[in-house]
Structures are given as structure tokens and as C-alpha cells.
Amino acid sequence: MRPSHKSLDQFLTYKMHRLMKQHDRRISQSYADGAQLSLAESRVLAAVGTAGALSNSELARRANLDKSQASRGADGLVTRGLVRRAPDDHDGRAVKVTLTPEGERVWRVVIDAARAHYEQLFDALSDDEMRVYERLLDKLLLRSDELDEQG
């Protein structure tokens, strides 16, 4: 039997959201200090650096941003010369966002900062706890995707 939740702060989803907001606040400060990037810009840079050339919709999905946030983040990175937009070879109406050489250098700074924050946070868990957490989170993400597809 699942427990009855009497207040919002007892819901696991609330706790996950709180954890992510705290993490976002800490890592956002790190990105601002280390690379002078906003959180949206750093997520866009991380997504493109990890996945390669991305369309605007792919970028939003991979960066976990809405389309307008991803577009504004990419705009800021284009202005700073960290990414470029080029026509999609397969769809003349679409564009792909890619890293510039300077963007690749800054991407490494962003990824190193993200890795350090990740390790610092998850240092609280044992290896066994981490494997269980990852497995359960993957299971919940899969279910959430299924619910999204159901509408």
C-alpha cells in the first residue's frame, strides 16, 4: 500500500523538483562564473557539444528547455561566436546548430563543471544506491514518456 500524502512536500515529484531547482541554482552560478553563460545557454551548448548538429526542436528536447528558451539560448551563443546556425542539408526550411571551435573549448569547461557538480551531489550515495537510483529513475522517465504519448 502506498502512503497517503498529506502535504505537497511529501510527494516524490515535489522532492525531485526541489532537488533539481537547487542543483540548477548551484550549477547556473558555476556556469556564470566559469564561462559567463546563462543556464539556458549552457544547456544549449552542452546539448550541441554532446549530440552534434541539432535542429531547433531537437535542441529544445535535448537541452530540456522549451523552444523559446532554446532559441534564445542559441541566439546568445551565436552572438558570442560559440555556435553557428546553418541550413539543414535534408530540409531547406530548417537550420542546424553546431559548435564553433571556440564553442567546443567552452563546451569542455561546461561539461567539466557539470561533471564536478554531478559527482559532488551523488557522492552522498553508495555505488549500490546509485545503481538502484539510476534504474528507478530510468523506469520513471520511461513511464513519463508513455504518459506524454497518451496525451
# chains A, B, ... in the order shown; residues from 1 in each chain; ligands from 1
>>> residues_around(residues="region 27-41 of chain A", least_positions_apart="6", cutoff="10 Å", atoms="only C-alpha atoms", output="list in words")
Lys21, Ala47, Ala60, Ala63, Asn64, Leu65, Asp66, Gln69, Ala70, Ser71, Arg72, Gly73, Ala74, Asp75, Gly76, Leu77, Leu82, Val106, Trp107, Val109, Val110, Ile111, Ala113, Ala114, Ala116, His117 and Tyr118 of chain A
>>> write_last_selection(atoms="N, CA, C and O atoms", output="tab-separated table (two decimals), in the first residue's frame")
chain	number	residue	atom	x	y	z
A	21	LYS	N	15.88	22.16	-8.76
A	21	LYS	CA	15.96	23.62	-8.65
A	21	LYS	C	17.22	24.02	-7.88
A	21	LYS	O	17.92	24.97	-8.27
A	47	ALA	N	24.12	20.41	-25.04
A	47	ALA	CA	23.37	19.53	-25.95
A	47	ALA	C	24.05	19.43	-27.31
A	47	ALA	O	24.23	18.33	-27.84
A	60	ALA	N	15.81	21.88	-28.26
A	60	ALA	CA	14.93	22.11	-27.10
A	60	ALA	C	14.74	20.82	-26.31
A	60	ALA	O	14.83	20.82	-25.08
A	63	ALA	N	18.13	19.73	-24.63
A	63	ALA	CA	18.56	20.67	-23.59
A	63	ALA	C	17.55	20.77	-22.45
A	63	ALA	O	17.80	21.45	-21.47
A	64	ASN	N	16.42	20.09	-22.60
A	64	ASN	CA	15.35	20.11	-21.61
A	64	ASN	C	14.87	21.55	-21.37
A	64	ASN	O	14.72	22.00	-20.24
A	65	LEU	N	14.63	22.24	-22.48
A	65	LEU	CA	14.13	23.61	-22.46
A	65	LEU	C	12.93	23.70	-23.38
A	65	LEU	O	12.77	22.87	-24.27
A	66	ASP	N	12.09	24.71	-23.17
A	66	ASP	CA	11.03	24.90	-24.16
A	66	ASP	C	11.67	25.56	-25.38
A	66	ASP	O	12.80	26.04	-25.34
A	69	GLN	N	13.06	29.14	-25.01
A	69	GLN	CA	14.28	29.20	-24.19
A	69	GLN	C	15.48	28.70	-24.99
A	69	GLN	O	16.56	29.30	-24.93
A	70	ALA	N	15.29	27.60	-25.72
A	70	ALA	CA	16.38	27.04	-26.52
A	70	ALA	C	16.79	28.03	-27.61
A	70	ALA	O	17.99	28.22	-27.86
A	71	SER	N	15.82	28.66	-28.24
A	71	SER	CA	16.12	29.62	-29.30
A	71	SER	C	16.88	30.82	-28.75
A	71	SER	O	17.87	31.26	-29.35
A	72	ARG	N	16.42	31.36	-27.61
A	72	ARG	CA	17.12	32.50	-27.00
A	72	ARG	C	18.53	32.10	-26.56
A	72	ARG	O	19.48	32.87	-26.71
A	73	GLY	N	18.66	30.89	-25.99
A	73	GLY	CA	19.98	30.41	-25.61
A	73	GLY	C	20.91	30.30	-26.79
A	73	GLY	O	22.07	30.73	-26.74
A	74	ALA	N	20.40	29.75	-27.89
A	74	ALA	CA	21.21	29.63	-29.11
A	74	ALA	C	21.55	31.01	-29.67
A	74	ALA	O	22.68	31.23	-30.11
A	75	ASP	N	20.58	31.94	-29.62
A	75	ASP	CA	20.84	33.30	-30.10
A	75	ASP	C	22.02	33.93	-29.35
A	75	ASP	O	22.91	34.54	-29.96
A	76	GLY	N	22.02	33.78	-28.03
A	76	GLY	CA	23.12	34.32	-27.23
A	76	GLY	C	24.46	33.68	-27.57
A	76	GLY	O	25.49	34.36	-27.63
A	77	LEU	N	24.43	32.39	-27.85
A	77	LEU	CA	25.67	31.69	-28.21
A	77	LEU	C	26.15	32.06	-29.61
A	77	LEU	O	27.36	32.14	-29.85
A	82	LEU	N	29.95	31.15	-30.27
A	82	LEU	CA	30.16	29.80	-29.72
A	82	LEU	C	29.43	28.73	-30.51
A	82	LEU	O	29.83	27.56	-30.48
A	106	VAL	N	34.69	26.11	-24.92
A	106	VAL	CA	33.82	26.48	-23.80
A	106	VAL	C	32.95	25.30	-23.39
A	106	VAL	O	32.67	25.09	-22.21
A	107	TRP	N	32.53	24.48	-24.36
A	107	TRP	CA	31.75	23.27	-24.05
A	107	TRP	C	32.51	22.38	-23.08
A	107	TRP	O	31.94	21.85	-22.13
A	109	VAL	N	34.62	23.32	-20.81
A	109	VAL	CA	34.53	23.96	-19.50
A	109	VAL	C	33.18	23.65	-18.86
A	109	VAL	O	33.09	23.30	-17.68
A	110	VAL	N	32.11	23.76	-19.66
A	110	VAL	CA	30.76	23.50	-19.17
A	110	VAL	C	30.60	22.04	-18.73
A	110	VAL	O	30.07	21.75	-17.66
A	111	ILE	N	31.09	21.11	-19.55
A	111	ILE	CA	30.96	19.69	-19.22
A	111	ILE	C	31.77	19.35	-17.97
A	111	ILE	O	31.32	18.59	-17.11
A	113	ALA	N	32.42	21.37	-15.50
A	113	ALA	CA	31.68	21.92	-14.36
A	113	ALA	C	30.47	21.05	-14.04
A	113	ALA	O	30.20	20.77	-12.86
A	114	ALA	N	29.75	20.61	-15.06
A	114	ALA	CA	28.58	19.75	-14.84
A	114	ALA	C	29.00	18.45	-14.18
A	114	ALA	O	28.35	17.98	-13.24
A	116	ALA	N	31.62	17.90	-12.28
A	116	ALA	CA	32.02	18.17	-10.90
A	116	ALA	C	30.80	18.32	-9.99
A	116	ALA	O	30.77	17.77	-8.88
A	117	HIS	N	29.77	19.05	-10.45
A	117	HIS	CA	28.55	19.20	-9.65
A	117	HIS	C	27.83	17.87	-9.49
A	117	HIS	O	27.32	17.55	-8.41
A	118	TYR	N	27.77	17.09	-10.54
A	118	TYR	CA	27.13	15.77	-10.51
A	118	TYR	C	27.83	14.88	-9.47
A	118	TYR	O	27.18	14.27	-8.62
>>> select_by_dssp(residues="region 21-151 of chain A", states="strand (DSSP E)", output="PyMOL selection string")
chain A and resi 83-87+95-99
>>> atom_distance(atom1="CA of Val95 (chain A)", atom2="CA of Leu54 (chain A)")
8.1 Å
>>> atom_distance(atom1="CA of Leu99 (chain A)", atom2="CA of Ala51 (chain A)")
10.5 Å
>>> select_by_dssp(residues="region 19-85 of chain A", states="alpha helix (DSSP H)", output="NGL selection string")
:A and (19-35 or 39-51 or 56-63 or 67-79)
>>> closest_residue(among="A:Leu140, A:Val44, A:Arg80, A:Phe11", to="Lys67 (chain A)", atoms="only C-alpha atoms")
A:Val44
>>> residues_around(residues="region 119-129 of chain A", least_positions_apart="3", cutoff="12 Å", atoms="only C-alpha atoms", output="PyMOL selection string")
chain A and resi 19-20+22-24+26-27+112-116+132-137
>>> write_last_selection(atoms="N, CA, C and O atoms", output="short mmCIF file (atom, residue, chain, number, x, y, z; two decimals), in the first residue's frame")
data_model
loop_
_atom_site.label_atom_id
_atom_site.label_comp_id
_atom_site.auth_asym_id
_atom_site.auth_seq_id
_atom_site.Cartn_x
_atom_site.Cartn_y
_atom_site.Cartn_z
N LEU A 19 15.06 19.27 -5.63
CA LEU A 19 16.45 18.88 -5.83
C LEU A 19 17.00 19.50 -7.12
O LEU A 19 18.11 20.05 -7.14
N MET A 20 16.24 19.42 -8.20
CA MET A 20 16.69 19.97 -9.47
C MET A 20 16.80 21.50 -9.43
O MET A 20 17.73 22.07 -10.00
N GLN A 22 17.52 23.32 -6.80
CA GLN A 22 18.72 23.62 -6.03
C GLN A 22 19.97 23.35 -6.88
O GLN A 22 20.91 24.14 -6.89
N HIS A 23 19.96 22.23 -7.58
CA HIS A 23 21.09 21.88 -8.44
C HIS A 23 21.25 22.92 -9.55
O HIS A 23 22.36 23.38 -9.82
N ASP A 24 20.14 23.30 -10.20
CA ASP A 24 20.19 24.31 -11.26
C ASP A 24 20.76 25.62 -10.74
O ASP A 24 21.55 26.28 -11.42
N ARG A 26 22.86 26.10 -8.19
CA ARG A 26 24.30 25.98 -7.96
C ARG A 26 25.08 25.91 -9.27
O ARG A 26 26.10 26.59 -9.44
N ILE A 27 24.62 25.10 -10.21
CA ILE A 27 25.36 24.93 -11.45
C ILE A 27 25.26 26.18 -12.32
O ILE A 27 26.21 26.53 -13.02
N ASP A 112 32.96 19.92 -17.83
CA ASP A 112 33.76 19.68 -16.64
C ASP A 112 33.05 20.20 -15.39
O ASP A 112 33.05 19.54 -14.34
N ALA A 113 32.42 21.37 -15.50
CA ALA A 113 31.68 21.92 -14.36
C ALA A 113 30.47 21.05 -14.04
O ALA A 113 30.20 20.77 -12.86
N ALA A 114 29.75 20.61 -15.06
CA ALA A 114 28.58 19.75 -14.84
C ALA A 114 29.00 18.45 -14.18
O ALA A 114 28.35 17.98 -13.24
N ARG A 115 30.08 17.86 -14.65
CA ARG A 115 30.58 16.61 -14.07
C ARG A 115 30.96 16.80 -12.60
O ARG A 115 30.63 15.97 -11.75
N ALA A 116 31.62 17.90 -12.28
CA ALA A 116 32.02 18.17 -10.90
C ALA A 116 30.80 18.32 -9.99
O ALA A 116 30.77 17.77 -8.88
N VAL A 132 20.69 1.58 -8.12
CA VAL A 132 19.26 1.47 -7.88
C VAL A 132 18.56 2.77 -8.28
O VAL A 132 17.53 2.75 -8.97
N TYR A 133 19.11 3.90 -7.88
CA TYR A 133 18.53 5.20 -8.21
C TYR A 133 18.44 5.38 -9.72
O TYR A 133 17.40 5.79 -10.24
N GLU A 134 19.53 5.08 -10.43
CA GLU A 134 19.52 5.22 -11.89
C GLU A 134 18.47 4.31 -12.53
O GLU A 134 17.77 4.73 -13.44
N ARG A 135 18.38 3.08 -12.05
CA ARG A 135 17.41 2.14 -12.61
C ARG A 135 15.98 2.63 -12.37
O ARG A 135 15.14 2.62 -13.27
N LEU A 136 15.70 3.09 -11.17
CA LEU A 136 14.36 3.58 -10.84
C LEU A 136 14.02 4.86 -11.61
O LEU A 136 12.90 5.02 -12.11
N LEU A 137 14.99 5.75 -11.72
CA LEU A 137 14.75 6.99 -12.46
C LEU A 137 14.50 6.70 -13.93
O LEU A 137 13.59 7.29 -14.54
#
>>> decode(residues="region 74-111 of chain A", atoms="N, CA, C and O atoms", output="PDB file, in the first residue's frame")
ATOM      1  N   ALA A  74      20.403  29.745 -27.894  1.00  0.00           N
ATOM      2  CA  ALA A  74      21.207  29.631 -29.112  1.00  0.00           C
ATOM      3  C   ALA A  74      21.548  31.005 -29.667  1.00  0.00           C
ATOM      4  O   ALA A  74      22.683  31.233 -30.114  1.00  0.00           O
ATOM      5  N   ASP A  75      20.584  31.941 -29.621  1.00  0.00           N
ATOM      6  CA  ASP A  75      20.842  33.304 -30.104  1.00  0.00           C
ATOM      7  C   ASP A  75      22.022  33.928 -29.353  1.00  0.00           C
ATOM      8  O   ASP A  75      22.908  34.539 -29.963  1.00  0.00           O
ATOM      9  N   GLY A  76      22.024  33.777 -28.033  1.00  0.00           N
ATOM     10  CA  GLY A  76      23.123  34.318 -27.232  1.00  0.00           C
ATOM     11  C   GLY A  76      24.459  33.683 -27.574  1.00  0.00           C
ATOM     12  O   GLY A  76      25.493  34.364 -27.627  1.00  0.00           O
ATOM     13  N   LEU A  77      24.429  32.388 -27.853  1.00  0.00           N
ATOM     14  CA  LEU A  77      25.667  31.686 -28.207  1.00  0.00           C
ATOM     15  C   LEU A  77      26.147  32.065 -29.606  1.00  0.00           C
ATOM     16  O   LEU A  77      27.355  32.137 -29.846  1.00  0.00           O
ATOM     17  N   VAL A  78      25.213  32.306 -30.526  1.00  0.00           N
ATOM     18  CA  VAL A  78      25.583  32.763 -31.866  1.00  0.00           C
ATOM     19  C   VAL A  78      26.261  34.128 -31.759  1.00  0.00           C
ATOM     20  O   VAL A  78      27.324  34.367 -32.356  1.00  0.00           O
ATOM     21  N   THR A  79      25.668  35.020 -30.984  1.00  0.00           N
ATOM     22  CA  THR A  79      26.218  36.367 -30.798  1.00  0.00           C
ATOM     23  C   THR A  79      27.639  36.307 -30.252  1.00  0.00           C
ATOM     24  O   THR A  79      28.502  37.086 -30.656  1.00  0.00           O
ATOM     25  N   ARG A  80      27.900  35.362 -29.366  1.00  0.00           N
ATOM     26  CA  ARG A  80      29.231  35.232 -28.750  1.00  0.00           C
ATOM     27  C   ARG A  80      30.188  34.392 -29.590  1.00  0.00           C
ATOM     28  O   ARG A  80      31.336  34.212 -29.221  1.00  0.00           O
ATOM     29  N   GLY A  81      29.704  33.876 -30.718  1.00  0.00           N
ATOM     30  CA  GLY A  81      30.569  33.096 -31.594  1.00  0.00           C
ATOM     31  C   GLY A  81      30.842  31.681 -31.110  1.00  0.00           C
ATOM     32  O   GLY A  81      31.822  31.057 -31.532  1.00  0.00           O
ATOM     33  N   LEU A  82      29.951  31.148 -30.265  1.00  0.00           N
ATOM     34  CA  LEU A  82      30.163  29.802 -29.722  1.00  0.00           C
ATOM     35  C   LEU A  82      29.430  28.727 -30.511  1.00  0.00           C
ATOM     36  O   LEU A  82      29.827  27.557 -30.477  1.00  0.00           O
ATOM     37  N   VAL A  83      28.346  29.109 -31.183  1.00  0.00           N
ATOM     38  CA  VAL A  83      27.641  28.195 -32.083  1.00  0.00           C
ATOM     39  C   VAL A  83      27.322  28.950 -33.366  1.00  0.00           C
ATOM     40  O   VAL A  83      27.362  30.181 -33.405  1.00  0.00           O
ATOM     41  N   ARG A  84      27.011  28.180 -34.393  1.00  0.00           N
ATOM     42  CA  ARG A  84      26.568  28.780 -35.655  1.00  0.00           C
ATOM     43  C   ARG A  84      25.318  28.040 -36.106  1.00  0.00           C
ATOM     44  O   ARG A  84      25.108  26.887 -35.762  1.00  0.00           O
ATOM     45  N   ARG A  85      24.525  28.755 -36.869  1.00  0.00           N
ATOM     46  CA  ARG A  85      23.348  28.152 -37.495  1.00  0.00           C
ATOM     47  C   ARG A  85      23.638  28.006 -38.975  1.00  0.00           C
ATOM     48  O   ARG A  85      24.154  28.929 -39.603  1.00  0.00           O
ATOM     49  N   ALA A  86      23.282  26.847 -39.517  1.00  0.00           N
ATOM     50  CA  ALA A  86      23.490  26.593 -40.952  1.00  0.00           C
ATOM     51  C   ALA A  86      22.273  25.853 -41.473  1.00  0.00           C
ATOM     52  O   ALA A  86      21.614  25.127 -40.730  1.00  0.00           O
ATOM     53  N   PRO A  87      21.963  26.021 -42.756  1.00  0.00           N
ATOM     54  CA  PRO A  87      20.828  25.301 -43.336  1.00  0.00           C
ATOM     55  C   PRO A  87      21.001  23.791 -43.186  1.00  0.00           C
ATOM     56  O   PRO A  87      22.107  23.266 -43.283  1.00  0.00           O
ATOM     57  N   ASP A  88      19.894  23.120 -42.929  1.00  0.00           N
ATOM     58  CA  ASP A  88      19.881  21.659 -42.833  1.00  0.00           C
ATOM     59  C   ASP A  88      20.025  21.092 -44.237  1.00  0.00           C
ATOM     60  O   ASP A  88      19.307  21.483 -45.154  1.00  0.00           O
ATOM     61  N   ASP A  89      20.952  20.166 -44.414  1.00  0.00           N
ATOM     62  CA  ASP A  89      21.182  19.560 -45.726  1.00  0.00           C
ATOM     63  C   ASP A  89      19.962  18.809 -46.250  1.00  0.00           C
ATOM     64  O   ASP A  89      19.778  18.674 -47.457  1.00  0.00           O
ATOM     65  N   HIS A  90      19.121  18.307 -45.338  1.00  0.00           N
ATOM     66  CA  HIS A  90      17.984  17.471 -45.734  1.00  0.00           C
ATOM     67  C   HIS A  90      16.659  18.217 -45.784  1.00  0.00           C
ATOM     68  O   HIS A  90      15.689  17.715 -46.336  1.00  0.00           O
ATOM     69  N   ASP A  91      16.605  19.405 -45.165  1.00  0.00           N
ATOM     70  CA  ASP A  91      15.372  20.184 -45.129  1.00  0.00           C
ATOM     71  C   ASP A  91      15.743  21.654 -45.296  1.00  0.00           C
ATOM     72  O   ASP A  91      16.231  22.269 -44.351  1.00  0.00           O
ATOM     73  N   GLY A  92      15.533  22.189 -46.461  1.00  0.00           N
ATOM     74  CA  GLY A  92      15.924  23.551 -46.773  1.00  0.00           C
ATOM     75  C   GLY A  92      15.291  24.610 -45.891  1.00  0.00           C
ATOM     76  O   GLY A  92      15.800  25.716 -45.780  1.00  0.00           O
ATOM     77  N   ARG A  93      14.165  24.284 -45.267  1.00  0.00           N
ATOM     78  CA  ARG A  93      13.496  25.254 -44.391  1.00  0.00           C
ATOM     79  C   ARG A  93      14.074  25.264 -42.991  1.00  0.00           C
ATOM     80  O   ARG A  93      13.901  26.221 -42.252  1.00  0.00           O
ATOM     81  N   ALA A  94      14.753  24.198 -42.603  1.00  0.00           N
ATOM     82  CA  ALA A  94      15.260  24.051 -41.235  1.00  0.00           C
ATOM     83  C   ALA A  94      16.726  24.459 -41.148  1.00  0.00           C
ATOM     84  O   ALA A  94      17.428  24.537 -42.154  1.00  0.00           O
ATOM     85  N   VAL A  95      17.152  24.739 -39.928  1.00  0.00           N
ATOM     86  CA  VAL A  95      18.560  25.041 -39.664  1.00  0.00           C
ATOM     87  C   VAL A  95      19.082  24.080 -38.603  1.00  0.00           C
ATOM     88  O   VAL A  95      18.313  23.544 -37.805  1.00  0.00           O
ATOM     89  N   LYS A  96      20.381  23.893 -38.625  1.00  0.00           N
ATOM     90  CA  LYS A  96      21.067  23.084 -37.616  1.00  0.00           C
ATOM     91  C   LYS A  96      22.005  23.986 -36.847  1.00  0.00           C
ATOM     92  O   LYS A  96      22.636  24.889 -37.403  1.00  0.00           O
ATOM     93  N   VAL A  97      22.108  23.738 -35.562  1.00  0.00           N
ATOM     94  CA  VAL A  97      23.010  24.487 -34.693  1.00  0.00           C
ATOM     95  C   VAL A  97      24.227  23.608 -34.429  1.00  0.00           C
ATOM     96  O   VAL A  97      24.083  22.438 -34.070  1.00  0.00           O
ATOM     97  N   THR A  98      25.424  24.162 -34.636  1.00  0.00           N
ATOM     98  CA  THR A  98      26.672  23.433 -34.416  1.00  0.00           C
ATOM     99  C   THR A  98      27.646  24.300 -33.616  1.00  0.00           C
ATOM    100  O   THR A  98      27.519  25.528 -33.595  1.00  0.00           O
ATOM    101  N   LEU A  99      28.615  23.658 -32.989  1.00  0.00           N
ATOM    102  CA  LEU A  99      29.647  24.379 -32.244  1.00  0.00           C
ATOM    103  C   LEU A  99      30.675  24.984 -33.186  1.00  0.00           C
ATOM    104  O   LEU A  99      31.011  24.398 -34.209  1.00  0.00           O
ATOM    105  N   THR A 100      31.186  26.136 -32.807  1.00  0.00           N
ATOM    106  CA  THR A 100      32.364  26.703 -33.452  1.00  0.00           C
ATOM    107  C   THR A 100      33.577  26.153 -32.694  1.00  0.00           C
ATOM    108  O   THR A 100      33.422  25.546 -31.621  1.00  0.00           O
ATOM    109  N   PRO A 101      34.784  26.366 -33.190  1.00  0.00           N
ATOM    110  CA  PRO A 101      35.962  25.929 -32.427  1.00  0.00           C
ATOM    111  C   PRO A 101      36.018  26.536 -31.016  1.00  0.00           C
ATOM    112  O   PRO A 101      36.338  25.848 -30.048  1.00  0.00           O
ATOM    113  N   GLU A 102      35.672  27.810 -30.900  1.00  0.00           N
ATOM    114  CA  GLU A 102      35.641  28.430 -29.561  1.00  0.00           C
ATOM    115  C   GLU A 102      34.522  27.815 -28.721  1.00  0.00           C
ATOM    116  O   GLU A 102      34.661  27.614 -27.520  1.00  0.00           O
ATOM    117  N   GLY A 103      33.399  27.493 -29.359  1.00  0.00           N
ATOM    118  CA  GLY A 103      32.302  26.840 -28.655  1.00  0.00           C
ATOM    119  C   GLY A 103      32.711  25.485 -28.115  1.00  0.00           C
ATOM    120  O   GLY A 103      32.308  25.095 -27.012  1.00  0.00           O
ATOM    121  N   GLU A 104      33.515  24.772 -28.861  1.00  0.00           N
ATOM    122  CA  GLU A 104      33.994  23.469 -28.384  1.00  0.00           C
ATOM    123  C   GLU A 104      34.872  23.639 -27.151  1.00  0.00           C
ATOM    124  O   GLU A 104      34.785  22.864 -26.206  1.00  0.00           O
ATOM    125  N   ARG A 105      35.699  24.681 -27.137  1.00  0.00           N
ATOM    126  CA  ARG A 105      36.543  24.932 -25.968  1.00  0.00           C
ATOM    127  C   ARG A 105      35.687  25.253 -24.736  1.00  0.00           C
ATOM    128  O   ARG A 105      35.890  24.699 -23.660  1.00  0.00           O
ATOM    129  N   VAL A 106      34.690  26.111 -24.916  1.00  0.00           N
ATOM    130  CA  VAL A 106      33.815  26.482 -23.803  1.00  0.00           C
ATOM    131  C   VAL A 106      32.948  25.298 -23.389  1.00  0.00           C
ATOM    132  O   VAL A 106      32.673  25.088 -22.208  1.00  0.00           O
ATOM    133  N   TRP A 107      32.528  24.479 -24.356  1.00  0.00           N
ATOM    134  CA  TRP A 107      31.753  23.272 -24.054  1.00  0.00           C
ATOM    135  C   TRP A 107      32.513  22.382 -23.077  1.00  0.00           C
ATOM    136  O   TRP A 107      31.938  21.845 -22.134  1.00  0.00           O
ATOM    137  N   ARG A 108      33.817  22.247 -23.272  1.00  0.00           N
ATOM    138  CA  ARG A 108      34.616  21.423 -22.354  1.00  0.00           C
ATOM    139  C   ARG A 108      34.596  21.996 -20.941  1.00  0.00           C
ATOM    140  O   ARG A 108      34.531  21.253 -19.959  1.00  0.00           O
ATOM    141  N   VAL A 109      34.624  23.316 -20.813  1.00  0.00           N
ATOM    142  CA  VAL A 109      34.533  23.963 -19.499  1.00  0.00           C
ATOM    143  C   VAL A 109      33.183  23.651 -18.856  1.00  0.00           C
ATOM    144  O   VAL A 109      33.092  23.299 -17.675  1.00  0.00           O
ATOM    145  N   VAL A 110      32.112  23.758 -19.658  1.00  0.00           N
ATOM    146  CA  VAL A 110      30.756  23.499 -19.172  1.00  0.00           C
ATOM    147  C   VAL A 110      30.604  22.038 -18.734  1.00  0.00           C
ATOM    148  O   VAL A 110      30.075  21.750 -17.656  1.00  0.00           O
ATOM    149  N   ILE A 111      31.086  21.113 -19.551  1.00  0.00           N
ATOM    150  CA  ILE A 111      30.963  19.691 -19.222  1.00  0.00           C
ATOM    151  C   ILE A 111      31.770  19.355 -17.974  1.00  0.00           C
ATOM    152  O   ILE A 111      31.317  18.587 -17.115  1.00  0.00           O
TER     153      ILE A 111
END
